[in-house]
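*Asks:* My structure is in data29.txt, and what it holds is compact mmCIF, C-alpha atoms:
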```txt
# COMPACT_ATOMS: atom_id res chain seq x y z
CA MET A 30 326.27 18.68 50.90
CA GLN A 31 324.21 15.97 49.20
CA HIS A 32 325.88 12.60 48.75
CA THR A 33 325.14 10.20 45.91
CA ALA A 34 325.36 6.45 46.41
CA VAL A 35 327.70 4.57 44.08
CA TYR A 36 324.90 2.38 42.73
CA GLU A 37 323.07 5.50 41.52
CA VAL A 38 326.03 6.38 39.28
CA VAL A 39 327.19 2.89 38.29
CA PRO A 40 324.24 0.46 38.26
CA ARG A 41 325.00 -3.06 39.52
CA PRO A 42 323.37 -6.37 38.56
CA ALA A 43 320.39 -7.28 40.73
CA ALA A 44 322.16 -10.39 42.06
CA MET A 45 325.04 -8.25 43.34
CA ASN A 46 322.62 -5.90 45.09
CA VAL A 47 320.97 -8.84 46.84
CA TRP A 48 324.36 -10.21 47.92
CA GLU A 49 325.49 -6.79 49.13
CA ARG A 50 322.42 -6.36 51.32
CA ARG A 51 322.88 -9.80 52.83
CA ARG A 52 326.58 -9.23 53.32
CA ASN A 53 326.07 -5.92 55.09
CA ARG A 54 323.34 -7.28 57.37
CA GLN A 55 324.51 -10.81 58.18
CA LEU A 56 328.13 -11.28 57.10
CA HIS A 57 329.68 -7.89 57.73
CA TRP A 58 331.93 -9.35 60.44
CA LEU A 59 333.33 -11.92 58.02
CA VAL A 60 333.92 -9.33 55.30
CA GLU A 61 335.74 -7.08 57.79
CA CYS A 62 337.98 -9.98 58.82
CA ILE A 63 338.72 -10.78 55.18
CA ALA A 64 339.61 -7.12 54.63
CA GLU A 65 342.01 -7.18 57.61
CA GLY A 66 343.62 -10.36 56.32
CA THR A 67 343.85 -8.95 52.81
CA GLY A 68 345.49 -5.76 54.02
CA THR A 69 348.12 -7.63 56.01
CA PHE A 70 348.58 -9.98 53.06
CA LEU A 71 349.35 -7.07 50.71
CA TYR A 72 351.80 -5.49 53.15
CA THR A 73 353.59 -8.77 53.85
CA PHE A 74 353.56 -9.98 50.25
CA ALA A 75 355.25 -6.80 49.09
CA GLY A 76 357.87 -6.77 51.84
CA ALA A 77 358.66 -10.49 51.87
CA GLY A 78 358.95 -10.52 48.09
CA ALA A 79 361.50 -7.70 48.13
CA THR A 80 363.34 -9.41 51.01
CA ALA A 81 363.49 -12.62 48.98
CA ALA A 82 365.09 -10.80 46.06
CA TYR A 83 367.68 -9.20 48.36
CA VAL A 84 368.56 -12.32 50.36
CA LEU A 85 368.65 -14.74 47.44
CA GLY A 86 370.46 -12.27 45.20
CA ASN A 87 373.27 -12.00 47.76
CA ILE A 88 373.56 -15.74 48.38
CA LEU A 89 373.44 -16.69 44.70
CA GLU A 90 375.63 -13.71 43.74
CA LEU A 91 373.10 -12.20 41.36
CA PRO A 92 374.28 -8.60 40.76
CA GLY A 93 371.78 -5.79 41.24
CA VAL A 94 369.01 -7.95 42.69
CA GLY A 95 367.49 -6.33 45.77
CA SER A 96 368.59 -3.86 48.44
CA ILE A 97 367.49 -2.44 51.80
CA LEU A 98 366.16 0.55 49.85
CA GLN A 99 364.00 -1.76 47.75
CA ILE A 100 362.70 -3.57 50.85
CA GLY A 101 361.72 -0.30 52.51
CA ILE A 102 359.95 0.91 49.38
CA ALA A 103 358.15 -2.43 49.03
CA TYR A 104 356.84 -2.36 52.60
CA ALA A 105 355.83 1.29 52.24
CA VAL A 106 353.96 0.73 48.99
CA GLY A 107 352.41 -2.45 50.38
CA ILE A 108 351.00 -0.50 53.33
CA ALA A 109 349.67 2.23 51.03
CA LEU A 110 347.97 -0.41 48.87
CA ALA A 111 346.53 -2.16 51.92
CA LEU A 112 345.02 1.09 53.16
CA ALA A 113 343.71 2.04 49.72
CA VAL A 114 342.08 -1.35 49.16
CA CYS A 115 340.77 -2.24 52.62
CA TRP A 116 340.39 0.92 54.73
CA SER A 117 336.80 1.56 53.72
CA THR A 118 335.78 -1.97 54.77
CA SER A 119 337.56 -2.54 58.09
CA HIS A 120 339.19 0.85 58.88
CA GLY A 121 342.58 -0.68 58.19
CA GLN A 122 344.09 -1.75 61.49
CA PHE A 123 346.28 -4.50 59.93
CA ASN A 124 348.28 -4.78 63.14
CA PRO A 125 347.33 -6.47 66.45
CA SER A 126 348.83 -3.61 68.46
CA PHE A 127 346.37 -1.11 66.95
CA THR A 128 343.50 -3.54 67.40
CA ILE A 129 344.43 -3.93 71.07
CA HIS A 130 344.71 -0.15 71.36
CA ALA A 131 341.17 0.15 69.98
CA VAL A 132 339.92 -2.31 72.61
CA VAL A 133 341.65 -0.50 75.49
CA PHE A 134 340.84 3.08 74.53
CA HIS A 135 337.92 3.03 72.11
CA ARG A 136 335.65 0.26 73.36
CA PHE A 137 336.33 -1.93 70.35
CA PRO A 138 334.51 -5.26 70.96
CA PRO A 139 336.98 -7.85 72.34
CA LEU A 140 335.51 -10.74 70.31
CA LYS A 141 335.77 -8.68 67.15
CA ALA A 142 339.36 -7.85 68.08
CA VAL A 143 340.23 -11.55 68.39
CA ARG A 144 338.76 -12.17 64.94
CA TYR A 145 340.73 -9.26 63.50
CA ILE A 146 344.01 -10.45 65.00
CA ILE A 147 343.55 -14.00 63.74
CA ALA A 148 342.74 -12.66 60.27
CA GLN A 149 345.78 -10.36 60.32
CA ILE A 150 348.16 -13.18 61.23
CA PHE A 151 346.58 -15.52 58.70
CA GLY A 152 346.95 -12.93 55.93
CA ALA A 153 350.68 -12.60 56.62
CA TYR A 154 351.02 -16.40 56.81
CA ILE A 155 349.42 -16.93 53.40
CA ALA A 156 351.52 -14.13 51.88
CA CYS A 157 354.74 -15.78 53.06
CA LEU A 158 353.70 -19.19 51.75
CA LEU A 159 352.93 -17.69 48.34
CA VAL A 160 356.29 -15.91 48.25
CA TYR A 161 357.93 -19.27 49.04
CA ILE A 162 356.11 -20.96 46.17
CA GLN A 163 357.04 -18.19 43.74
CA TYR A 164 360.71 -18.22 44.80
CA LYS A 165 360.95 -21.95 45.56
CA GLN A 166 363.52 -22.76 42.88
CA TYR A 167 365.85 -19.98 44.02
CA ILE A 168 365.34 -20.74 47.73
CA HIS A 169 366.37 -24.38 47.23
CA ALA A 170 369.36 -23.24 45.18
CA ALA A 171 370.36 -20.86 47.97
CA VAL A 172 370.01 -23.56 50.63
CA ASP A 173 372.18 -25.89 48.55
CA ALA A 174 374.76 -23.11 48.10
CA LEU A 175 374.93 -22.51 51.87
CA LYS A 176 375.37 -26.23 52.52
CA ALA A 177 378.09 -26.45 49.89
CA LYS A 178 379.96 -23.56 51.55
CA GLY A 179 379.47 -25.04 55.03
CA THR A 180 377.61 -21.94 56.24
CA TYR A 181 374.05 -23.32 56.41
CA ASP A 182 373.88 -23.56 60.21
CA ALA A 183 375.38 -20.11 60.67
CA MET A 184 373.26 -18.26 58.08
CA MET A 185 369.99 -20.09 57.44
CA PHE A 186 367.95 -18.42 60.19
CA THR A 187 369.42 -14.94 60.14
CA PRO A 188 368.28 -11.75 58.37
CA THR A 189 370.54 -12.68 55.43
CA GLY A 190 369.52 -16.34 55.19
CA PRO A 191 366.59 -17.96 53.35
CA GLY A 192 364.70 -18.36 56.63
CA GLY A 193 364.93 -14.59 57.11
CA ILE A 194 362.72 -14.04 54.08
CA PHE A 195 359.76 -15.22 56.12
CA GLY A 196 360.62 -15.21 59.82
CA LEU A 197 362.21 -12.18 61.47
CA TYR A 198 365.61 -12.74 63.08
CA VAL A 199 368.55 -10.76 64.43
CA ASN A 200 372.19 -11.14 63.51
CA PRO A 201 374.18 -13.72 65.50
CA GLY A 202 375.62 -12.17 68.66
CA ALA A 203 373.23 -9.20 68.64
CA ASN A 204 372.57 -7.63 72.03
CA LEU A 205 368.84 -8.09 72.60
CA GLY A 206 368.77 -5.11 74.95
CA TYR A 207 369.73 -2.79 72.12
CA VAL A 208 367.33 -4.60 69.80
CA LEU A 209 364.52 -4.04 72.32
CA VAL A 210 365.27 -0.31 72.50
CA ASN A 211 365.38 -0.10 68.71
CA GLU A 212 362.07 -1.92 68.35
CA PHE A 213 360.31 0.12 71.03
CA VAL A 214 361.47 3.50 69.72
CA CYS A 215 360.54 2.68 66.11
CA ASP A 216 357.11 1.34 67.12
CA PHE A 217 356.46 4.37 69.33
CA ILE A 218 357.26 6.73 66.45
CA LEU A 219 355.08 4.74 64.07
CA GLY A 220 352.25 4.91 66.58
CA ILE A 221 352.46 8.69 66.89
CA VAL A 222 352.47 9.12 63.11
CA ILE A 223 349.51 6.79 62.61
CA PHE A 224 347.42 8.33 65.38
CA SER A 225 348.17 11.77 63.97
CA CYS A 226 347.33 10.80 60.39
CA THR A 227 344.02 9.23 61.44
CA ASP A 228 343.03 12.17 63.65
CA PRO A 229 340.06 13.90 61.92
CA SER A 230 341.20 17.27 63.25
CA ASN A 231 344.62 17.04 61.58
CA ASN A 232 344.16 19.19 58.49
CA LEU A 233 347.53 18.27 57.01
CA ALA A 234 346.77 14.54 56.95
CA THR A 235 343.79 14.34 54.60
CA PRO A 236 342.15 11.09 53.48
CA THR A 237 344.11 11.29 50.24
CA THR A 238 347.50 11.79 51.91
CA MET A 239 347.01 9.59 54.99
CA ALA A 240 348.01 6.31 53.34
CA TRP A 241 351.22 7.76 51.90
CA LEU A 242 352.26 9.51 55.12
CA ILE A 243 351.80 6.29 57.11
CA SER A 244 353.61 4.24 54.48
CA LEU A 245 356.53 6.68 54.40
CA ALA A 246 356.85 6.38 58.18
CA TYR A 247 357.23 2.63 57.79
CA GLY A 248 359.75 3.18 55.03
CA VAL A 249 361.81 5.44 57.31
CA VAL A 250 362.11 2.86 60.08
CA VAL A 251 362.89 0.05 57.62
CA TRP A 252 365.59 2.06 55.83
CA GLY A 253 367.22 3.33 58.97
CA PHE A 254 366.73 0.72 61.65
CA SER A 255 365.82 -2.72 60.25
CA PRO A 256 369.47 -3.90 60.21
CA ILE A 257 369.43 -3.75 64.05
CA GLY A 258 366.27 -5.86 64.26
CA LEU A 259 362.73 -4.66 63.61
CA ALA A 260 359.32 -6.33 63.46
CA ALA A 261 356.92 -3.34 63.85
CA ASN A 262 353.86 -5.56 63.42
CA SER A 263 352.95 -8.66 65.44
CA ALA A 264 350.90 -10.03 62.53
CA ARG A 265 353.83 -9.77 60.13
CA ASP A 266 356.12 -11.36 62.70
CA LEU A 267 353.84 -14.20 63.79
CA GLY A 268 352.47 -14.92 60.32
CA GLY A 269 355.99 -15.04 58.91
CA ARG A 270 357.32 -17.11 61.80
CA PHE A 271 354.50 -19.63 61.48
CA ALA A 272 355.27 -19.86 57.77
CA ALA A 273 358.99 -20.42 58.50
CA LEU A 274 358.09 -23.12 61.04
CA THR A 275 355.80 -24.74 58.47
CA LEU A 276 358.50 -24.72 55.80
CA PHE A 277 361.67 -25.39 57.79
CA GLY A 278 360.66 -26.93 61.12
CA THR A 279 361.36 -25.92 64.71
CA ALA A 280 364.83 -24.60 63.90
CA ALA A 281 363.05 -21.53 62.52
CA SER A 282 361.53 -20.60 65.91
CA GLY A 283 363.76 -17.56 66.44
CA GLY A 284 364.78 -18.27 70.04
CA LYS A 285 364.54 -15.49 72.61
CA TYR A 286 364.11 -12.85 69.92
CA ALA A 287 360.73 -14.32 68.90
CA ALA A 288 358.92 -12.98 71.97
CA LEU A 289 360.59 -9.58 71.66
CA ALA A 290 359.59 -9.26 68.01
CA ALA A 291 356.00 -10.35 68.58
CA LEU A 292 355.20 -8.38 71.72
CA THR A 293 357.27 -5.18 71.95
CA ASN A 294 355.16 -3.20 69.49
CA ILE A 295 352.04 -3.67 71.65
CA PRO A 296 353.11 -1.63 74.72
CA ALA A 297 354.94 0.82 72.43
CA THR A 298 351.75 1.47 70.49
CA LEU A 299 349.65 1.81 73.65
CA LEU A 300 352.14 4.31 75.07
CA ALA A 301 352.18 6.22 71.78
CA GLY A 302 348.39 6.44 71.96
CA VAL A 303 348.52 7.84 75.48
CA PHE A 304 351.21 10.34 74.51
CA TYR A 305 349.27 11.49 71.46
CA GLU A 306 346.04 11.97 73.41
CA LEU A 307 347.72 13.80 76.30
CA VAL A 308 350.07 16.02 74.32
CA LEU A 309 349.19 16.35 70.65
CA SER A 310 345.47 15.69 70.25
CA ASP A 311 343.03 18.60 70.58
CA SER A 312 339.28 17.96 70.38
CA THR A 313 338.59 21.71 70.06
CA ARG A 314 340.62 22.04 66.88
CA SER A 315 338.50 23.02 63.88
CA THR A 316 338.35 20.64 60.92
```
For this file, produce the structure as structure tokens.

*Replies:*
Amino acid sequence: MQHTAVYEVVPRPAAMNVWERRRNRQLHWLVECIAEGTGTFLYTFAGAGATAAYVLGNILELPGVGSILQIGIAYAVGIALALAVCWSTSHGQFNPSFTIHAVVFHRFPPLKAVRYIIAQIFGAYIACLLVYIQYKQYIHAAVDALKAKGTYDAMMFTPTGPGGIFGLYVNPGANLGYVLVNEFVCDFILGIVIFSCTDPSNNLATPTTMAWLISLAYGVVVWGFSPIGLAANSARDLGGRFAALTLFGTAASGGKYAALAALTNIPATLLAGVFYELVLSDSTRST
């Protein structure tokens, strides 16, 4: 099969061709990092925006504004958009756990991995700050409403409080042991689905369906298990938590749950990779 380069079909200005050659030779690492940050930005922007509508709608008693269903759809579509926009540039890791998996099992360069992870966290951080700016009027109104009701201290940094739009928290009194099990199981399942969908020998997960299958897997865990406590992505968690700390101070740190949310998905993803390679992957399968 003969392939035709894009520039042969759609001619580009000479200046763009010069830039593209320089970018691909000298700045490819920077472009890849920007793609990773952009992908995580899209995913976080979509999910945090839907979370803002849900949280603020409940506090301000705005009927019909937001739901868990809407949040799950937003995260799912955000992931599909991130993959569609950025996959061809950076291969769409968008999650430190998958970057670490690539280092451990696929000889991904450690320095490149560090760059990717920083870019992923930064993308989520910027997304949360933009959501704050866009919803600032309603967030301040919600904070004032909580203070007027005397529930600010109890609700502010919970999944249903304004802080929960950006940082990830669990409900007061939640058993962190159960939360850990919930997080690990969900992340393990996500890992299996993603490794399967990106396996070239999987004929059911084609390049055109891969993004939607992965995004639906995220939707499933959000719809079914986010009320227990779910991060699923260290970049989303850390970027959002850094944003919450920037906006609200150290009270937004998240306590003991912060480490669980940021780290659990890493061993879960590594184990999912081992399981997929040992049990489900088959290098002799025809493509």

*Asks:* So which one's closest to A:Phe70, A:Met239, A:Val208, A:Ala281, A:Ile155? Using all atoms listed in the file, please.

*Replies:* A:Ile155

*Asks:* Go through stretch 128-171 of chain A and flag each residue having an atom no more than 12 Å from stretch 291-294 of chain A; for those, report the closest pair of atoms plus their distance in Å to one decimal, using all atoms listed in the file, ordered by chain and rising number, as JSON lines.

*Replies:*
```
{"residue": "A:Thr128", "atom": "CA", "partner": "A:Asn294", "partner_atom": "CA", "distance": 11.9}
{"residue": "A:Ile129", "atom": "CA", "partner": "A:Asn294", "partner_atom": "CA", "distance": 10.9}
{"residue": "A:His130", "atom": "CA", "partner": "A:Asn294", "partner_atom": "CA", "distance": 11.0}
{"residue": "A:Ile150", "atom": "CA", "partner": "A:Ala291", "partner_atom": "CA", "distance": 11.1}
```

*Asks:* Atom CA of A:Ala272 to atom CA of A:Phe123: how many Å, to one decimal?

*Replies:*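 Going from atom CA of A:Ala272 over to atom CA of A:Phe123 covers 17.9 Å.
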
*Asks:* When you draw a straight line from atom CA of A:Asn262 to atom CA of A:Asn124, how long is it in Å?

*Replies:*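 Value for the atom CA of A:Asn262-atom CA of A:Asn124 distance: 5.6 Å.
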
*Asks:* How many Å lie between atom CA of A:Asn211 and atom CA of A:Gly93, rounded to one decimal?

*Replies:*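 Calculated distance between atom CA of A:Asn211 and atom CA of A:Gly93 is 28.8 Å.
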
*Asks:* If we count all atoms listed in the file, what is near A:Ile97 at a cut-off of 10 Å, once residues fewer than 2 positions away on the same chain are taken out, given as JSON, numbers by chain?

*Replies:* {"A": [79, 80, 83, 95, 99, 100, 101, 102, 103, 251, 252, 253, 255, 256]}

*Asks:* Write a file of the selected residues as a PDB file, keeping the file's coordinate frame, keeping C-alpha atoms.

*Replies:*
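As a result, selection_27.pdb now contains:
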```pdb
ATOM      1  CA  ALA A  79     361.500  -7.700  48.130  1.00  0.00           C
ATOM      2  CA  THR A  80     363.340  -9.410  51.010  1.00  0.00           C
ATOM      3  CA  TYR A  83     367.680  -9.200  48.360  1.00  0.00           C
ATOM      4  CA  GLY A  95     367.490  -6.330  45.770  1.00  0.00           C
ATOM      5  CA  GLN A  99     364.000  -1.760  47.750  1.00  0.00           C
ATOM      6  CA  ILE A 100     362.700  -3.570  50.850  1.00  0.00           C
ATOM      7  CA  GLY A 101     361.720  -0.300  52.510  1.00  0.00           C
ATOM      8  CA  ILE A 102     359.950   0.910  49.380  1.00  0.00           C
ATOM      9  CA  ALA A 103     358.150  -2.430  49.030  1.00  0.00           C
ATOM     10  CA  VAL A 251     362.890   0.050  57.620  1.00  0.00           C
ATOM     11  CA  TRP A 252     365.590   2.060  55.830  1.00  0.00           C
ATOM     12  CA  GLY A 253     367.220   3.330  58.970  1.00  0.00           C
ATOM     13  CA  SER A 255     365.820  -2.720  60.250  1.00  0.00           C
ATOM     14  CA  PRO A 256     369.470  -3.900  60.210  1.00  0.00           C
TER      15      PRO A 256
END
```
